[in-house]
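A.B. asks: Here it is, the structure, as structure tokens.
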Amino acid sequence: MTKSALPVTVMTLLLLAAWYVGAAWLNWPQAAETLARAGKPTAFADVLAQAYAMKRPILPTPGQVVVELWNSLTGYAPTSPRNLLFHTWVTTEAALTGLAMGLVLGILLAAGIVYTRTLEASLLPWVIASQTIPILAIAPMIVVILGNIGLTGLLPKAVICMYLCFFPITVGMVKGLRSADPLWLDLMRTYSAGGMRAFWSLRLPASMPFLFASLKVSVAISVVGAIVGELPTGGQAGLGARLLSGSYYGQTVQIWAALIMASLLSVALIAVVRGLELVLLGRAGAR
Amino acid sequence: MRLLVSDLTHRYDDLTVLDGIDLTLAEGEILAVIGPSGCGKSTLLGIAGGIVAPTSGSIRVEGEVPDGCLNPITFIFQDFALLPWRTVEDNIALVLEHHKLSAAERRERVDSGLRRMGLSEFRNALPKQLSGGMRQRVGIARALAVRPAMLLLDEPLSALDAQTRELLMDDFLELWRREKTTALYVTHNLDEALRLADRVCVLSRRPGRIRELVTIEVPRERRQEPSAQAHLAEVRGRLWHLMKAEAQMADREIARA
């Protein structure tokens, strides 16, 4: 941990520096024009200060984004739509519901594929084909179709998340359920234990490391799915809605604050999965 | 429990691995099966254990099972077959989980297995923390937990070093001194056969046929005594003579193929 502190710090500082340079470069023409129109001095330092202080910059500075995040998080009650935490929770709720649905679907599909040869031949191509359709194309369809049968709000978003989530879980679990050593299966047979027992005692525990690897991918794309799902609903609430309204009104600072929040959310969820993995599989190491 | 094998033949597609095997294991007898690799020793064990269906011929077991026997015919594996994520005691409990037992009886069976193999202090260890010898002891304790009537041992000591093998052979002797469990013991190690078996069955190279059944006249308990050595040396000489011829021919056939 301490060994990596220095390289990480250096890298972070370099990225921040690049961000500030980029913000100055991208905002420069607009900043210079604003100053000229107002009849103010346009020396290098003046334009630079203006480029870093615009209300609707092309690229806001990290400082502006942090201030926006801080104001949003501390200025309003967490239940207020002006607070980003409110939107983060809306997105988290959809992402986790979708993840849970994707987990169930993914494990069921994997078990079907592992145990039935027919399903492997008939189902796997469809599972793969489902992931070749861009989610941006299919998300509005899901919202419209489910809305038509009276399902609105959380559920359509969760279905979109599930659509993205189940794939890594299916692929990981097919491999995981097959990772049980044939010798262990012989063992179960010679001790006359049935197939269900072999599933619960052998195949499922053997697949856990694969499941957690898949979950870390799934949890991150579930957040993406929830955000994408919030776009076609017209932007009522959620991080996706903040992105959408930000782009309607040219509020780039708001967009970047929502983006940072979304990535923090993904990081936090992956950390939770990692924590669960350590608690559940910790002592047995790789298993 | 007795085992009666008659005219047993087994083929994998076109490959005949066992050909006309006739064999009888008496109650409490330990029969070692030796032969060159690929002669169908393990297949014979698989058929006896019911995990391989023979192509033709019959295999029967007769006799009574001991009290509390959950799995009359029980395997002991060369590579131990322990689940790496389960502790020693949970590995033993694995084979009891699909039986309706009271919690107390389950615990009693696990504890007595641990005690008999000297594993009590390692009950919470994971297999990777144990030496090979200890791992096989867990495998034996697991087999004992179901109170078997017949043991099928598939080269149980082949994955271990020479010293550990000696120690485990003592464990087996102790086991068979206390319980007369019938056993079919597959090995390619003459020392193991001469230490442990009542009779030794020499299989020919593939297709496996019985070349000879050799009876060791000295009882197991007296084989370390000086007076037994002349007989054991004679048996060893005979077995080695048979094995050598088969192994050499098997090697030539592999080279030709």
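Following the order of the structure tokens, chains are lettered A, B, ..., residues in each are numbered from 1, and ligands are numbered from 1.
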What lies within 7 Å of range 48-64 of chain A using only C-alpha atoms, ignoring chain neighbours under 2 positions off, as JSON, numbers by chain?
C.D. replies: {"A": [19, 20, 23, 24, 26, 27, 28, 31, 44, 45, 46, 66, 67, 68, 250, 251, 252, 253]}
A.B. asks: For chain B, report every residue with an atom at most 10 Å from chain A (counting only C-alpha atoms), formatted as a VMD selection string.
C.D. replies: chain B and resid 46 49 to 51 70 to 77 79 to 87 94 to 99 126 to 128 143 146
A.B. asks: Just write the chosen residues, C-alpha atoms, as an mmCIF file, in the first residue's frame.
C.D. replies:
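Once written, selection_10.cif looks like this:
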data_model
loop_
_atom_site.group_PDB
_atom_site.id
_atom_site.type_symbol
_atom_site.label_atom_id
_atom_site.label_comp_id
_atom_site.auth_asym_id
_atom_site.auth_seq_id
_atom_site.Cartn_x
_atom_site.Cartn_y
_atom_site.Cartn_z
ATOM 1 C CA GLY B 46 -14.021 -48.561 -10.912
ATOM 2 C CA GLY B 49 -17.043 -49.533 -7.017
ATOM 3 C CA GLY B 50 -19.923 -49.189 -9.449
ATOM 4 C CA ILE B 51 -18.674 -46.048 -11.242
ATOM 5 C CA LEU B 70 -23.594 -45.789 5.239
ATOM 6 C CA ASN B 71 -21.615 -46.655 2.133
ATOM 7 C CA PRO B 72 -20.663 -50.364 1.924
ATOM 8 C CA ILE B 73 -18.109 -49.999 -0.873
ATOM 9 C CA THR B 74 -15.856 -47.025 -0.315
ATOM 10 C CA PHE B 75 -12.984 -45.583 -2.364
ATOM 11 C CA ILE B 76 -9.676 -44.180 -1.219
ATOM 12 C CA PHE B 77 -8.079 -42.082 -3.949
ATOM 13 C CA ASP B 79 -4.803 -37.870 -5.216
ATOM 14 C CA PHE B 80 -6.843 -37.684 -1.999
ATOM 15 C CA ALA B 81 -9.815 -35.851 -3.612
ATOM 16 C CA LEU B 82 -10.086 -33.252 -0.859
ATOM 17 C CA LEU B 83 -12.032 -30.041 -1.400
ATOM 18 C CA PRO B 84 -9.502 -27.207 -1.019
ATOM 19 C CA TRP B 85 -12.002 -24.741 0.438
ATOM 20 C CA ARG B 86 -13.156 -27.081 3.207
ATOM 21 C CA THR B 87 -11.360 -27.654 6.479
ATOM 22 C CA LEU B 94 -18.906 -33.947 3.240
ATOM 23 C CA VAL B 95 -19.649 -37.643 2.767
ATOM 24 C CA LEU B 96 -22.154 -37.630 5.636
ATOM 25 C CA GLU B 97 -24.150 -34.621 4.463
ATOM 26 C CA HIS B 98 -26.534 -36.524 2.214
ATOM 27 C CA HIS B 99 -27.377 -39.039 4.954
ATOM 28 C CA LEU B 126 -7.212 -26.495 5.183
ATOM 29 C CA PRO B 127 -5.806 -29.256 2.935
ATOM 30 C CA LYS B 128 -3.147 -26.929 1.494
ATOM 31 C CA ALA B 143 -13.657 -43.321 4.349
ATOM 32 C CA VAL B 146 -19.096 -44.074 6.641
#
A.B. asks: Might you pull out every residue within 12 Å of Ala213 in chain A, with only C-alpha atoms counted and same-chain residues fewer than 3 positions away left off, and present them as a VMD selection string?
C.D. replies: chain A and resid 168 to 173 175 to 176 207 to 210 216 to 220 270 273 to 274 276 to 277 286 to 287
A.B. asks: Enumerate, as a list of chain:residue names, the complete set of residues in range 179-225 of chain B that a backbone-based DSSP assignment places in strand (DSSP E or B).
C.D. replies: B:Thr182, B:Ala183, B:Leu184, B:Tyr185, B:Val186, B:Arg199, B:Val200, B:Cys201, B:Val202, B:Leu203, B:Gly208, B:Ile210, B:Arg211, B:Glu212, B:Leu213, B:Val214, B:Thr215
A.B. asks: Tell me which protein, DNA and RNA residues are within 9 Å of Leu8 in chain B, counting only C-alpha atoms, leaving out same-chain ones fewer than 2 positions away, and put them as a list of chain:residue names.
C.D. replies: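 Result of the neighbour search: B:Val5, B:Ser6, B:His10, B:Leu18, B:Asp19, B:Gly20, B:Ile21, B:Asp22, B:Leu44, B:Pro54, B:Thr55, B:Ser56, B:Gly57, B:Ser58, B:Ile59.
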A.B. asks: Put those residues in a file: C-alpha atoms, as an mmCIF file, in the first residue's frame.
C.D. replies:
data_model
loop_
_atom_site.group_PDB
_atom_site.id
_atom_site.type_symbol
_atom_site.label_atom_id
_atom_site.label_comp_id
_atom_site.auth_asym_id
_atom_site.auth_seq_id
_atom_site.Cartn_x
_atom_site.Cartn_y
_atom_site.Cartn_z
ATOM 1 C CA VAL B 5 -16.085 -61.312 -10.031
ATOM 2 C CA SER B 6 -16.772 -63.711 -12.849
ATOM 3 C CA HIS B 10 -14.360 -54.362 -20.302
ATOM 4 C CA LEU B 18 -9.899 -56.286 -19.050
ATOM 5 C CA ASP B 19 -10.405 -59.753 -20.421
ATOM 6 C CA GLY B 20 -12.127 -62.604 -18.588
ATOM 7 C CA ILE B 21 -11.307 -61.731 -15.017
ATOM 8 C CA ASP B 22 -12.402 -64.303 -12.391
ATOM 9 C CA LEU B 44 -11.260 -53.034 -12.320
ATOM 10 C CA PRO B 54 -18.534 -53.482 -17.323
ATOM 11 C CA THR B 55 -18.988 -54.480 -20.960
ATOM 12 C CA SER B 56 -19.754 -58.060 -19.967
ATOM 13 C CA GLY B 57 -19.438 -60.424 -17.047
ATOM 14 C CA SER B 58 -20.748 -60.089 -13.564
ATOM 15 C CA ILE B 59 -19.635 -58.583 -10.332
#
A.B. asks: Applying 12 Å and only C-alpha atoms, which residues near Val144 in chain A remain after dropping the ones on its own chain fewer than 5 positions away? List them as a ChimeraX atom specification.
C.D. replies: /A:138-139,149-153,156-157,229,232-234
A.B. asks: Tell me, in Å to one decimal, how far CA of Leu119 in chain B is from CA of Glu27 in chain B.
C.D. replies: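 Between these atoms lies a distance of 29.1 Å.
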A.B. asks: Could you check which of A:Ala95, A:Ile160, A:Met11, A:Val279 is closest to Ala137 in chain A, using only C-alpha atoms?
C.D. replies: A:Ile160
A.B. asks: If you run DSSP on the backbone here, which positions in range 47-279 of chain A get helix (DSSP H, G or I)? Please write them as a PyMOL selection string.
C.D. replies: chain A and resi 47-51+62-75+84-115+117-130+135-148+154-177+182-190+195-230+239-248+252-279
A.B. asks: Please identify all polymer residues within 12 Å of Glu234 in chain B, counting only C-alpha atoms, omitting same-chain residues fewer than 3 positions from it, and present them as number ranges by chain.
C.D. replies: B: 194, 214-218, 228-231, 237-241
A.B. asks: Create the file for the chosen residues now, containing all heavy atoms and written as a short mmCIF file (atom, residue, chain, number, x, y, z; two decimals), in the first residue's frame.
C.D. replies:
data_model
loop_
_atom_site.label_atom_id
_atom_site.label_comp_id
_atom_site.auth_asym_id
_atom_site.auth_seq_id
_atom_site.Cartn_x
_atom_site.Cartn_y
_atom_site.Cartn_z
N LEU B 194 3.50 -56.67 -0.49
CA LEU B 194 4.07 -57.67 0.42
C LEU B 194 3.82 -57.33 1.89
O LEU B 194 3.77 -58.22 2.73
CB LEU B 194 5.59 -57.79 0.18
CG LEU B 194 5.97 -58.49 -1.12
CD1 LEU B 194 7.45 -58.28 -1.43
CD2 LEU B 194 5.66 -59.98 -1.05
N VAL B 214 -1.00 -65.06 -6.16
CA VAL B 214 0.03 -65.54 -5.24
C VAL B 214 -0.44 -65.32 -3.81
O VAL B 214 -0.85 -64.21 -3.45
CB VAL B 214 1.35 -64.79 -5.47
CG1 VAL B 214 2.43 -65.29 -4.51
CG2 VAL B 214 1.80 -64.94 -6.92
N THR B 215 -0.40 -66.38 -3.01
CA THR B 215 -0.79 -66.23 -1.61
C THR B 215 0.45 -66.01 -0.76
O THR B 215 1.45 -66.70 -0.93
CB THR B 215 -1.51 -67.50 -1.13
OG1 THR B 215 -2.60 -67.75 -2.01
CG2 THR B 215 -2.04 -67.32 0.29
N ILE B 216 0.39 -65.02 0.12
CA ILE B 216 1.50 -64.80 1.05
C ILE B 216 1.16 -65.57 2.32
O ILE B 216 0.18 -65.26 2.99
CB ILE B 216 1.70 -63.30 1.35
CG1 ILE B 216 1.88 -62.54 0.02
CG2 ILE B 216 2.89 -63.08 2.26
CD1 ILE B 216 1.95 -61.04 0.16
N GLU B 217 2.00 -66.58 2.64
CA GLU B 217 1.63 -67.52 3.70
C GLU B 217 1.81 -66.95 5.11
O GLU B 217 1.19 -67.41 6.06
CB GLU B 217 2.47 -68.82 3.58
CG GLU B 217 2.41 -69.48 2.20
CD GLU B 217 1.07 -70.17 1.93
OE1 GLU B 217 0.24 -70.21 2.86
OE2 GLU B 217 0.85 -70.65 0.80
N VAL B 218 2.67 -65.95 5.25
CA VAL B 218 2.93 -65.40 6.59
C VAL B 218 1.86 -64.37 6.92
O VAL B 218 1.56 -63.50 6.10
CB VAL B 218 4.32 -64.71 6.61
CG1 VAL B 218 4.65 -64.25 8.03
CG2 VAL B 218 5.38 -65.66 6.08
N ALA B 228 10.24 -64.78 8.79
CA ALA B 228 9.34 -64.63 7.66
C ALA B 228 10.08 -64.23 6.39
O ALA B 228 9.55 -64.34 5.29
CB ALA B 228 8.28 -63.59 7.99
N GLN B 229 11.33 -63.77 6.55
CA GLN B 229 12.00 -63.11 5.43
C GLN B 229 12.26 -64.05 4.24
O GLN B 229 12.17 -63.62 3.09
CB GLN B 229 13.31 -62.45 5.89
CG GLN B 229 13.11 -61.39 6.96
CD GLN B 229 11.94 -60.44 6.64
OE1 GLN B 229 11.87 -59.88 5.55
NE2 GLN B 229 11.02 -60.29 7.58
N ALA B 230 12.56 -65.31 4.54
CA ALA B 230 12.87 -66.23 3.44
C ALA B 230 11.66 -66.38 2.53
O ALA B 230 11.76 -66.27 1.31
CB ALA B 230 13.28 -67.58 4.01
N HIS B 231 10.49 -66.57 3.15
CA HIS B 231 9.27 -66.74 2.35
C HIS B 231 8.94 -65.47 1.57
O HIS B 231 8.63 -65.52 0.37
CB HIS B 231 8.10 -67.12 3.26
CG HIS B 231 6.79 -67.20 2.52
ND1 HIS B 231 6.53 -68.17 1.58
CD2 HIS B 231 5.69 -66.42 2.58
CE1 HIS B 231 5.33 -67.99 1.10
NE2 HIS B 231 4.79 -66.93 1.68
N GLY B 237 10.45 -62.50 -5.32
CA GLY B 237 11.14 -62.94 -6.52
C GLY B 237 10.15 -63.40 -7.60
O GLY B 237 10.28 -63.01 -8.77
N ARG B 238 9.16 -64.15 -7.17
CA ARG B 238 8.18 -64.64 -8.14
C ARG B 238 7.38 -63.50 -8.75
O ARG B 238 7.15 -63.42 -9.95
CB ARG B 238 7.22 -65.63 -7.44
CG ARG B 238 7.48 -67.06 -7.87
CD ARG B 238 6.74 -68.02 -7.00
NE ARG B 238 5.33 -68.10 -7.30
CZ ARG B 238 4.41 -68.53 -6.44
NH1 ARG B 238 4.78 -68.88 -5.21
NH2 ARG B 238 3.15 -68.59 -6.78
N LEU B 239 6.91 -62.59 -7.86
CA LEU B 239 6.11 -61.45 -8.34
C LEU B 239 6.91 -60.58 -9.29
O LEU B 239 6.43 -60.16 -10.34
CB LEU B 239 5.62 -60.61 -7.15
CG LEU B 239 4.58 -61.25 -6.23
CD1 LEU B 239 4.31 -60.35 -5.03
CD2 LEU B 239 3.29 -61.54 -6.99
N TRP B 240 8.16 -60.33 -8.90
CA TRP B 240 8.99 -59.46 -9.73
C TRP B 240 9.23 -60.09 -11.10
O TRP B 240 9.19 -59.41 -12.14
CB TRP B 240 10.30 -59.13 -9.03
CG TRP B 240 11.23 -58.32 -9.87
CD1 TRP B 240 12.50 -58.60 -10.18
CD2 TRP B 240 10.91 -57.07 -10.51
NE1 TRP B 240 13.02 -57.64 -10.99
CE2 TRP B 240 12.06 -56.68 -11.22
CE3 TRP B 240 9.78 -56.28 -10.58
CZ2 TRP B 240 12.11 -55.53 -11.98
CZ3 TRP B 240 9.82 -55.11 -11.33
CH2 TRP B 240 10.98 -54.74 -12.02
N HIS B 241 9.45 -61.41 -11.10
CA HIS B 241 9.66 -62.12 -12.35
C HIS B 241 8.46 -61.93 -13.28
O HIS B 241 8.61 -61.61 -14.47
CB HIS B 241 9.88 -63.61 -12.05
CG HIS B 241 10.04 -64.45 -13.27
ND1 HIS B 241 11.17 -64.41 -14.04
CD2 HIS B 241 9.19 -65.31 -13.88
CE1 HIS B 241 11.03 -65.22 -15.07
NE2 HIS B 241 9.83 -65.78 -15.00
#
A.B. asks: Give me the residues near range 114-116 of chain B as a ChimeraX atom specification, where near means some atom within 10 Å (using only C-alpha atoms) and where sequence neighbours in that chain fewer than 4 positions away do not count.
C.D. replies: /B:88-89,92,108-110,120-123,137-138,140-142,144-145,171,174-175
A.B. asks: Calculated over only C-alpha atoms, which of the candidates B:Asp7, B:Glu29, B:Glu246, B:Asp170 has the smallest distance to Ser204 in chain B?
C.D. replies: B:Glu246
